>>> print(open('run.txt').read())   # compact mmCIF, C-alpha atoms
# COMPACT_ATOMS: atom_id res chain seq x y z
CA MET N 30 103.30 50.01 -37.77
CA PRO N 31 105.64 49.52 -40.69
CA ASP N 32 103.83 51.93 -43.05
CA ARG N 33 104.31 54.92 -40.71
CA ARG N 34 107.60 56.71 -40.83
CA GLN N 35 109.17 58.07 -37.70
CA PRO N 36 110.10 61.73 -37.83
CA ASP N 37 113.78 62.34 -38.42
CA SER N 38 115.55 63.17 -35.20
CA PRO N 39 118.98 64.72 -35.04
CA THR N 40 121.71 62.17 -34.55
CA ASP N 41 123.38 64.37 -31.93
CA ASP N 42 120.79 63.22 -29.38
CA ASN N 43 121.33 59.52 -30.06
CA PRO N 44 124.67 58.29 -28.71
CA PHE N 45 124.32 55.00 -30.61
CA ALA N 46 123.65 56.53 -34.03
CA ALA N 47 126.22 56.31 -36.77
CA PRO N 48 128.01 59.54 -37.69
CA PRO N 49 126.58 61.48 -40.61
CA GLU N 50 127.85 60.84 -44.14
CA GLY N 51 131.22 62.42 -44.89
CA ARG N 52 132.04 63.15 -41.27
CA PRO N 53 135.24 61.50 -39.97
CA ASP N 54 135.17 59.19 -36.96
CA GLN N 55 135.96 60.84 -33.65
CA PRO N 56 137.24 59.23 -30.47
CA TRP N 57 134.76 58.87 -27.63
CA GLN N 58 134.58 61.65 -25.06
CA PRO N 59 132.03 62.33 -22.32
CA ARG N 60 129.15 64.64 -23.08
CA SER N 61 129.17 68.12 -21.69
CA GLY N 62 126.11 70.10 -20.60
CA GLY N 63 123.60 67.33 -21.36
CA ASP N 64 120.51 66.34 -19.41
CA ASP N 65 122.06 63.11 -18.20
CA GLY N 66 123.12 64.55 -14.85
CA ARG N 67 126.78 65.21 -15.68
CA ASN N 68 128.36 68.56 -16.30
CA GLY N 69 131.41 67.49 -18.25
CA ASP N 70 133.93 67.93 -15.45
CA GLY N 71 133.94 64.27 -14.52
CA ASN N 72 131.58 64.56 -11.58
CA GLY N 73 128.92 61.91 -11.28
CA PRO N 74 125.18 62.40 -11.04
CA GLY N 75 125.30 62.39 -7.24
CA ASP N 76 127.14 65.71 -6.99
CA SER N 77 125.21 68.86 -6.33
CA GLY N 78 126.67 71.88 -7.91
CA GLY N 79 125.77 74.76 -10.10
CA ASP N 80 122.26 74.96 -11.49
CA ARG N 81 121.69 71.23 -11.98
CA GLY N 82 119.33 70.80 -9.04
CA PRO N 83 119.42 68.79 -5.85
CA ALA N 84 121.73 65.90 -5.16
CA ARG N 85 120.56 62.33 -5.25
CA TRP N 86 119.56 60.41 -2.17
CA ASP N 87 122.59 59.36 -0.13
CA PRO N 88 121.78 56.27 1.99
CA THR N 89 124.90 56.83 4.11
CA ASP N 90 123.60 60.16 5.41
CA PRO N 91 121.67 59.55 8.66
CA ILE N 92 119.40 62.58 8.15
CA GLN N 93 118.19 61.44 4.74
CA ARG N 94 117.85 57.86 5.95
CA ARG N 95 115.76 58.87 8.97
CA ALA N 96 113.51 61.08 6.84
CA ARG N 97 112.74 58.13 4.57
CA TYR N 98 112.26 55.80 7.54
CA ALA N 99 109.83 58.30 9.08
CA LEU N 100 107.75 58.38 5.92
CA LEU N 101 107.64 54.60 5.55
CA ALA N 102 106.96 53.88 9.22
CA GLY N 103 104.26 56.56 9.33
CA MET N 104 102.48 55.18 6.28
CA TRP N 105 102.58 51.61 7.58
CA GLY N 106 101.50 52.75 11.04
CA LEU N 107 98.51 54.52 9.52
CA PHE N 108 97.72 51.41 7.48
CA PHE N 109 97.75 49.20 10.58
CA GLY N 110 95.71 51.77 12.49
CA ILE N 111 93.01 51.81 9.82
CA PHE N 112 92.80 48.02 9.78
CA LEU N 113 92.48 47.84 13.57
CA VAL N 114 95.86 46.50 14.59
CA PRO N 115 96.50 49.25 17.14
CA SER N 116 99.58 47.80 18.79
CA VAL N 117 101.59 47.71 15.56
CA GLY N 118 100.19 51.08 14.47
CA LEU N 119 101.22 52.63 17.78
CA LEU N 120 104.72 51.18 17.57
CA LEU N 121 105.28 52.30 13.99
CA GLY N 122 103.77 55.71 14.72
CA ALA N 123 106.13 56.24 17.65
CA LEU N 124 109.13 55.19 15.56
CA ALA N 125 108.05 57.50 12.74
CA LEU N 126 107.73 60.40 15.19
CA TYR N 127 111.22 59.74 16.52
CA TRP N 128 112.77 59.43 13.06
CA GLY N 129 110.93 62.45 11.68
CA ILE N 130 111.93 64.73 14.53
CA SER N 131 115.53 63.51 14.49
CA ALA N 132 115.68 64.06 10.72
CA LEU N 133 114.46 67.64 11.07
CA ARG N 134 116.81 68.43 13.95
CA GLY N 135 119.81 66.19 13.21
CA LYS N 136 123.25 67.06 11.94
CA PRO N 137 124.46 65.72 8.58
CA ALA N 138 127.23 63.13 8.36
CA ALA N 139 129.70 65.70 7.02
CA ALA N 140 129.07 68.41 9.62
CA THR N 141 131.70 71.12 9.54
CA GLY N 142 131.44 72.02 13.21
CA GLU N 143 131.86 75.72 12.51
CA PRO N 144 129.84 78.11 14.68
CA GLY N 145 126.92 79.56 12.78
CA ALA N 146 126.96 76.78 10.18
CA PRO N 147 123.50 75.51 9.16
CA GLU N 148 122.32 72.43 11.01
CA GLY N 149 119.75 69.75 10.31
CA LEU N 150 118.27 69.53 6.86
CA ASP N 151 119.37 73.10 6.07
CA ALA N 152 122.98 71.87 5.91
CA LEU N 153 122.10 69.68 2.92
CA GLY N 154 121.42 72.70 0.74
CA PRO N 155 119.28 71.96 -2.32
CA ALA N 156 118.96 68.29 -1.38
CA ALA N 157 117.02 69.24 1.76
CA ARG N 158 113.67 69.85 0.08
CA PRO N 159 112.65 66.23 -0.68
CA GLN N 160 114.06 65.06 2.66
CA ARG N 161 112.13 67.74 4.57
CA THR N 162 108.97 66.75 2.69
CA ALA N 163 109.52 63.08 3.60
CA ALA N 164 110.18 63.92 7.26
CA VAL N 165 107.11 66.17 7.58
CA SER N 166 104.91 63.64 5.79
CA GLY N 167 106.21 60.97 8.16
CA LEU N 168 105.33 63.17 11.14
CA VAL N 169 101.80 63.76 9.85
CA THR N 170 101.10 60.10 9.11
CA ALA N 171 102.70 59.10 12.43
CA SER N 172 100.42 61.49 14.29
CA LEU N 173 97.39 60.04 12.53
CA ALA N 174 98.52 56.48 13.27
CA ILE N 175 98.99 57.29 16.96
CA LEU N 176 95.59 59.00 17.11
CA LEU N 177 93.91 55.97 15.53
CA ALA N 178 95.65 53.58 17.91
CA MET N 179 94.81 55.69 20.95
CA GLY N 180 91.21 56.01 19.75
CA THR N 181 90.95 52.25 19.38
CA TYR N 182 92.33 51.72 22.88
CA ALA N 183 89.98 54.38 24.28
CA MET N 184 86.98 52.65 22.69
CA GLN N 185 88.05 49.30 24.13
CA LEU N 186 88.44 50.88 27.56
CA ALA N 187 85.17 52.83 27.45
CA TYR N 188 83.12 49.83 26.26
CA LYS N 189 85.06 47.12 28.09
CA ASP N 190 81.92 45.39 29.34
CA PHE N 191 80.63 45.02 25.79
CA TYR N 192 83.90 43.62 24.47
CA VAL N 193 84.25 41.15 27.35
CA CYS N 194 80.61 40.02 26.91
CA ARG N 195 81.06 39.60 23.16
CA ASP N 196 84.31 37.67 23.52
CA ASP N 197 82.88 35.38 26.20
CA ALA N 198 79.63 34.65 24.35
CA LEU N 199 79.36 31.04 23.23
CA THR N 200 76.24 31.36 21.06
CA LYS N 201 74.88 33.91 18.64
CA THR N 202 71.96 34.62 20.98
CA ALA N 203 74.31 35.42 23.86
CA GLU N 204 76.38 37.63 21.57
CA LEU N 205 73.27 39.56 20.49
CA GLN N 206 72.34 40.16 24.14
CA CYS N 207 75.65 42.07 24.54
CA ASN N 208 74.15 44.85 22.39
CA THR N 209 72.19 46.01 25.46
CA LEU N 210 75.48 47.20 26.98
CA LEU N 211 75.96 49.77 24.20
CA PRO N 212 74.48 53.30 24.16
CA ASN N 213 71.88 54.30 21.58
CA ASP N 214 74.13 56.67 19.66
CA PHE N 215 76.38 56.49 16.61
CA VAL N 216 79.12 54.57 18.42
CA GLY N 217 76.60 52.01 19.66
CA LYS N 218 75.28 51.50 16.14
CA VAL N 219 78.79 51.01 14.77
CA LEU N 220 79.86 48.50 17.45
CA LYS N 221 76.57 46.61 17.56
CA VAL N 222 76.72 42.89 16.81
CA PRO N 223 74.79 42.34 13.56
CA GLN N 224 71.85 39.91 13.61
>>> encode(input="run.txt", output="structure tokens")
Amino acid sequence: MPDRRQPDSPTDDNPFAAPPEGRPDQPWQPRSGGDDGRNGDGNGPGDSGGDRGPARWDPTDPIQRRARYALLAGMWGLFFGIFLVPSVGLLLGALALYWGISALRGKPAAATGEPGAPEGLDALGPAARPQRTAAVSGLVTASLAILLAMGTYAMQLAYKDFYVCRDDALTKTAELQCNTLLPNDFVGKVLKVPQ
């Protein structure tokens, strides 16, 4: 709104603002100690040092890559398991288990090889926390996806006669007669062919 005035902010925070009145022009130099991820010594935002926090994600590091793959494959495996595509859910769940375990146990790309040196995600230092979270989340979702797929296969095996009868039925009446092959419990009510 044009009638509202914005509060005055200091020009030190705005790198595009003009210098204050009466102050001479200064040549450009990088900021030091700002919140933009640099610490003034020329290092980029990907470096982890000092008290700035964890490093950024490095796609060339196999541990970090596998942790992310585990999370994505586990989520998609769970998705396919929920929507009754058990073969894809089982495949993605198995891949997520493999990637999650290898991310938690693997060695980083820049392993020192010294005896007693930290291995796995511990070797990443402060950057290990988000990768460990991704790997563990991938393991949990992978386990759920595998359980859903195995449950679906167990149901198809336990009620094979019903599924074969339903798939072979040519009319609605024949399909409704397949309901007699189901037990009178919760599972039978869920699988029952609706009238």
>>> residues_around(input="run.txt", residues="Leu210 (chain N)", least_positions_apart="3", cutoff="8 Å", atoms="all atoms listed in the file", output="ChimeraX atom specification")
/N:190-191,207
>>> closest_residue(input="run.txt", among="N:Ile130, N:Leu120, N:Val169, N:Leu113", to="Gln185 (chain N)", atoms="only C-alpha atoms")
N:Leu113
>>> atom_distance(input="run.txt", atom1="CA of Asp90 (chain N)", atom2="CA of Arg158 (chain N)")
14.9 Å
>>> atom_distance(input="run.txt", atom1="CA of Leu168 (chain N)", atom2="CA of Leu124 (chain N)")
9.9 Å
>>> residues_around(input="run.txt", residues="Ala178 (chain N)", least_positions_apart="5", cutoff="7 Å", atoms="all atoms listed in the file", output="PyMOL selection string")
chain N and resi 110+115+118-119
>>> residues_around(input="run.txt", residues="Ser172 (chain N)", least_positions_apart="4", cutoff="8 Å", atoms="all atoms listed in the file", output="PDB file with C-alpha atoms, keeping the file's coordinate frame")
ATOM      1  CA  GLY N 103     104.260  56.560   9.330  1.00  0.00           C
ATOM      2  CA  GLY N 122     103.770  55.710  14.720  1.00  0.00           C
ATOM      3  CA  LEU N 126     107.730  60.400  15.190  1.00  0.00           C
ATOM      4  CA  LEU N 168     105.330  63.170  11.140  1.00  0.00           C
ATOM      5  CA  LEU N 176      95.590  59.000  17.110  1.00  0.00           C
TER       6      LEU N 176
END
>>> closest_residue(input="run.txt", among="N:Leu121, N:Met104, N:Ala164, N:Leu220", to="Leu133 (chain N)", atoms="only C-alpha atoms")
N:Ala164
>>> atom_distance(input="run.txt", atom1="CA of Gly106 (chain N)", atom2="CA of Leu173 (chain N)")
8.5 Å
>>> closest_residue(input="run.txt", among="N:Pro56, N:Pro49, N:Pro88, N:Pro223", to="Arg195 (chain N)", atoms="only C-alpha atoms")
N:Pro223
>>> residues_around(input="run.txt", residues="region 212-216 of chain N", least_positions_apart="5", cutoff="10 Å", atoms="all atoms listed in the file", output="ChimeraX atom specification")
/N:184,188,221
>>> closest_residue(input="run.txt", among="N:Leu177, N:Thr209, N:Ala96, N:Thr89", to="Tyr192 (chain N)", atoms="all atoms listed in the file")
N:Thr209
>>> residues_around(input="run.txt", residues="Gln160 (chain N)", least_positions_apart="2", cutoff="8 Å", atoms="only C-alpha atoms", output="ChimeraX atom specification")
/N:93,96-97,150,156-158,162-164
>>> closest_residue(input="run.txt", among="N:Ala123, N:Ala183, N:Val219, N:Leu205", to="Gly167 (chain N)", atoms="all atoms listed in the file")
N:Ala123
